[in-house]
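Chemist: The structure's right below; bear with me while I get my questions together.
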Amino acid sequence: MNSAGEISKNLKSLIQEFEKTLGQASSLQELEQARVDFLGRKGRLAGVMSQLPGLPAQDKPAIGRLSNEVKESLNNLLSNKISDIQRKSQEEKLSVFDPSIPGRTPDTGTIHPVTRVTDDICSIFVKLGFDIVTGPEVETDFYNFEALNLPPGHPARDMQDTLYISESVVLRTHTSPLQVRTMLKCRPPLAAIAPGKVYRRDSDLTHTPMFHQIEGFLVDTNVSMADLRGTLTAFAHEIFDPRVCVRFRPSFFPFTEPSAEVDISCVMCKGCGRSPRGEPCRVCKETGWVEILGCGMIDPAVFEKVGYDPEKYTGFAFGLGVERVAMLKYGIGDLRMFFENDLRFLNQFV
Ligand code: PHE
């Protein structure tokens, strides 16, 4: 059995030994090991303390106090050493950190040209008093065809290269179903535009199976073709250039009568058909004109389908291709560029 003297000597020597062990430790892991060895439940301090019960009663208080002091010293030594090591590793990190190296800037996105042109077109028509409406891309035959005066078997259905989901459900081939949906919901007077994706079974240099259209329509009493022409001319001047000329060519759509296709003077060659160097203009194929949309006066048969009195109301409608307008506006030669997501192309539209 150890005497009080020996125990107190052992306790004190623990401090020196601990200091020595800490002196050799260089990582937090080694410090943890040292803590377990000296201060742990089965560590050196606990080992010495286990001899305490065997001491004469009068020696116990002094040894108890001493052991508490030793424990506190060990803990202090340990926490000092921990801060030392943490500070050193921080300093090491800072010594390799060069604040003069330029930061890495993350890529920022840009607005897709199709979105940008859609927004531009919508805001022009909103200024003219049109509301914006949207509808489903998966449509029933009724909205996409039948209510638009295209009954089953009508030859003009072939114009549309339809993608069928089932016999009576299609991917909408145009935004014109929004005419029907809006007219069924609201009473005249009304004026709305409907932007959105449309789908056709068609894919080549100038066609993609999905593209974007914006439908526009206005219904009131005494609406005339002159209103249509005035509205579309104002639009063309705003989106392209106040100097462009606008011409209406007779055309056919089952849901408008009369119908027209609208051309603007070519924005590339300014309508002369040739480039400044005298080469044939590829955009308008030397004609000086490019088509931008289809339009017409809403057919009375459509009004009947939605319950409007064709004797009382007249209205106009138009549908334009967003990619087409974007190509002309930004001088883009290949439609497919819009869908390839090449950042070198997209980053130009900041
Ligand atoms: N829906 C027609 C198309 O996609 C365009 C159009 C809309 C024509 C409205 C006249 C009136 O080709």
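We label chains A, B, ... in the order they appear in the structure tokens, count residues from 1 in each chain, and number ligands from 1 in the order shown.
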Would you name the residues within 6 Å of ligand 1, counting only C-alpha atoms and all ligand atoms, and put them as a PyMOL selection string?

Modeler: chain A and resi 174+176+253+256+294-296+317-319

Chemist: Counting only C-alpha atoms, which residues of segment 272-323 of chain A sit at most 8 Å from some atom of segment 138-152 of chain A, and what is each one's closest atom pair with its distance in Å to one decimal, listed by chain and rising residue number, as a Markdown table?

Modeler:
```
| residue | atom | partner | partner_atom | distance |
| --- | --- | --- | --- | --- |
| A:Ala301 | CA | A:Asn149 | CA | 6.3 |
| A:Val302 | CA | A:Leu148 | CA | 5.6 |
| A:Lys305 | CA | A:Ala147 | CA | 5.8 |
| A:Val306 | CA | A:Ala147 | CA | 7.8 |
```

Chemist: Find the distance between atom CA of Cys284 of chain A and atom CA of Cys266 of chain A and write it in Å to one decimal.

Modeler: 6.1 Å

Chemist: Can you pull out the residues contacting Asn76 of chain A? Cut-off 12 Å, using only C-alpha atoms, and skip same-chain residues under 5 positions away; I want them as an MDAnalysis selection string.

Modeler: chainID A and resid 15 18:19 22 35 39 69:71 81:83

Chemist: Got time to write the residues from that selection, all heavy atoms, as a CSV table (one decimal), in the first residue's frame?

Modeler:
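Okay, this is what ended up in result24.csv:
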```csv
chain,number,residue,atom,x,y,z
A,15,ILE,N,2.0,15.7,-13.7
A,15,ILE,CA,2.0,17.0,-14.5
A,15,ILE,C,3.2,17.1,-15.4
A,15,ILE,O,3.0,17.4,-16.6
A,15,ILE,CB,2.0,18.2,-13.5
A,15,ILE,CG1,0.8,18.1,-12.6
A,15,ILE,CG2,2.1,19.5,-14.2
A,15,ILE,CD1,0.6,19.3,-11.7
A,18,PHE,N,2.8,14.6,-18.3
A,18,PHE,CA,1.7,15.0,-19.2
A,18,PHE,C,2.3,16.1,-20.1
A,18,PHE,O,2.1,16.1,-21.3
A,18,PHE,CB,0.5,15.6,-18.5
A,18,PHE,CG,-0.7,15.7,-19.3
A,18,PHE,CD1,-1.2,14.7,-20.2
A,18,PHE,CD2,-1.5,16.9,-19.3
A,18,PHE,CE1,-2.3,14.8,-21.0
A,18,PHE,CE2,-2.6,17.1,-20.1
A,18,PHE,CZ,-3.0,16.0,-20.9
A,19,GLU,N,3.1,17.1,-19.5
A,19,GLU,CA,3.7,18.1,-20.3
A,19,GLU,C,4.6,17.6,-21.4
A,19,GLU,O,4.6,18.0,-22.5
A,19,GLU,CB,4.5,19.0,-19.4
A,19,GLU,CG,3.7,20.2,-18.9
A,19,GLU,CD,4.6,21.1,-18.0
A,19,GLU,OE1,5.5,20.6,-17.2
A,19,GLU,OE2,4.3,22.3,-18.0
A,22,LEU,N,2.5,16.0,-24.1
A,22,LEU,CA,1.9,17.0,-25.0
A,22,LEU,C,2.9,17.7,-25.9
A,22,LEU,O,2.7,18.0,-27.0
A,22,LEU,CB,1.2,18.1,-24.1
A,22,LEU,CG,0.0,17.7,-23.3
A,22,LEU,CD1,-0.6,18.9,-22.6
A,22,LEU,CD2,-1.0,17.0,-24.2
A,35,ARG,N,-5.1,12.7,-23.7
A,35,ARG,CA,-6.2,12.9,-22.8
A,35,ARG,C,-6.8,11.6,-22.2
A,35,ARG,O,-6.9,11.5,-21.0
A,35,ARG,CB,-7.4,13.7,-23.4
A,35,ARG,CG,-8.4,14.2,-22.5
A,35,ARG,CD,-9.7,14.7,-23.2
A,35,ARG,NE,-10.4,13.6,-23.9
A,35,ARG,CZ,-11.2,12.7,-23.3
A,35,ARG,NH1,-11.3,12.7,-22.0
A,35,ARG,NH2,-11.8,11.8,-24.0
A,39,LEU,N,-6.3,11.5,-18.4
A,39,LEU,CA,-7.5,12.0,-17.7
A,39,LEU,C,-8.7,11.1,-17.9
A,39,LEU,O,-9.7,11.3,-17.4
A,39,LEU,CB,-7.8,13.4,-18.3
A,39,LEU,CG,-6.9,14.5,-17.8
A,39,LEU,CD1,-6.9,15.6,-18.8
A,39,LEU,CD2,-7.3,15.0,-16.5
A,69,GLU,N,-6.4,19.6,-7.9
A,69,GLU,CA,-5.5,20.6,-8.4
A,69,GLU,C,-4.8,20.0,-9.6
A,69,GLU,O,-4.6,20.7,-10.7
A,69,GLU,CB,-4.5,21.1,-7.4
A,69,GLU,CG,-5.1,22.1,-6.4
A,69,GLU,CD,-4.3,22.3,-5.2
A,69,GLU,OE1,-3.1,21.9,-5.2
A,69,GLU,OE2,-4.8,22.8,-4.2
A,70,VAL,N,-4.3,18.8,-9.5
A,70,VAL,CA,-3.5,18.2,-10.6
A,70,VAL,C,-4.5,18.0,-11.8
A,70,VAL,O,-4.1,18.3,-12.9
A,70,VAL,CB,-3.0,16.8,-10.1
A,70,VAL,CG1,-2.4,16.0,-11.3
A,70,VAL,CG2,-1.9,17.0,-9.1
A,71,LYS,N,-5.7,17.6,-11.5
A,71,LYS,CA,-6.6,17.4,-12.6
A,71,LYS,C,-6.9,18.7,-13.4
A,71,LYS,O,-6.9,18.7,-14.6
A,71,LYS,CB,-8.0,16.9,-12.0
A,71,LYS,CG,-8.9,16.5,-13.1
A,71,LYS,CD,-10.1,15.8,-12.4
A,71,LYS,CE,-11.2,15.4,-13.5
A,71,LYS,NZ,-12.4,14.9,-12.9
A,81,LYS,N,-2.7,23.5,-25.2
A,81,LYS,CA,-2.1,22.8,-26.3
A,81,LYS,C,-3.1,22.7,-27.5
A,81,LYS,O,-2.7,22.8,-28.7
A,81,LYS,CB,-1.6,21.4,-25.9
A,81,LYS,CG,-0.9,20.6,-26.9
A,81,LYS,CD,0.5,21.2,-27.2
A,81,LYS,CE,1.2,20.4,-28.3
A,81,LYS,NZ,2.6,20.8,-28.5
A,82,ILE,N,-4.3,22.4,-27.2
A,82,ILE,CA,-5.3,22.3,-28.3
A,82,ILE,C,-5.4,23.7,-29.1
A,82,ILE,O,-5.3,23.7,-30.3
A,82,ILE,CB,-6.7,21.9,-27.8
A,82,ILE,CG1,-6.7,20.5,-27.3
A,82,ILE,CG2,-7.8,22.1,-28.9
A,82,ILE,CD1,-8.1,20.0,-26.7
A,83,SER,N,-5.5,24.8,-28.3
A,83,SER,CA,-5.5,26.1,-29.0
A,83,SER,C,-4.3,26.3,-29.8
A,83,SER,O,-4.3,26.8,-30.9
A,83,SER,CB,-5.7,27.3,-28.1
A,83,SER,OG,-6.3,26.9,-26.9
```

Chemist: Nearest residue to Leu343 of chain A out of A:Asp119, A:Glu291, A:Asp204, A:Asp107, using only C-alpha atoms?

Modeler: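 Using only C-alpha atoms, the shortest distance to Leu343 of chain A belongs to A:Asp107.
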
Chemist: Counting only C-alpha atoms, figure out which residue out of A:Ile63, A:Leu78, A:Val114, A:Leu171 gets nearest to Ala34 of chain A.

Modeler: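 Of all the options, A:Leu78 lies closest to Ala34 of chain A.
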
Chemist: Between atom CA of Asn347 of chain A and atom CA of Ile132 of chain A, what is the distance, to one decimal in Å?

Modeler: 28.2 Å

Chemist: Fewer than 3 positions away in the same chain doesn't count, so skip those; otherwise give me all residues within 10 Å of segment 209-212 of chain A, counting only C-alpha atoms, as a list in words.

Modeler: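 Residues meeting the cut-off are Val114, Thr115, Thr118, Asp161, Leu163, Leu171, Thr173, His174, Thr175, Pro195, Gly196, Lys197, Val198, Tyr199, Arg200, Arg201, Asp202, Ser203, Asp204, Glu215, Leu320, Gly321, Val322, Glu323, Arg324, Leu335, Phe338 and Phe339 of chain A.
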
Chemist: Using only C-alpha atoms, can you tell me which of A:Gly230, A:Pro242, A:Gly333, A:Pro258 comes closest to Cys281 of chain A?

Modeler: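 Ranking A:Gly230, A:Pro242, A:Gly333, A:Pro258 by distance to Cys281 of chain A, first place goes to A:Gly333.
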
Chemist: Using only C-alpha atoms for the distances, tell me which of A:Cys269, A:Val283, A:Leu346, A:Ala156 is nearest to Met327 of chain A.

Modeler: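 Distance minimum relative to Met327 of chain A lands on A:Val283.
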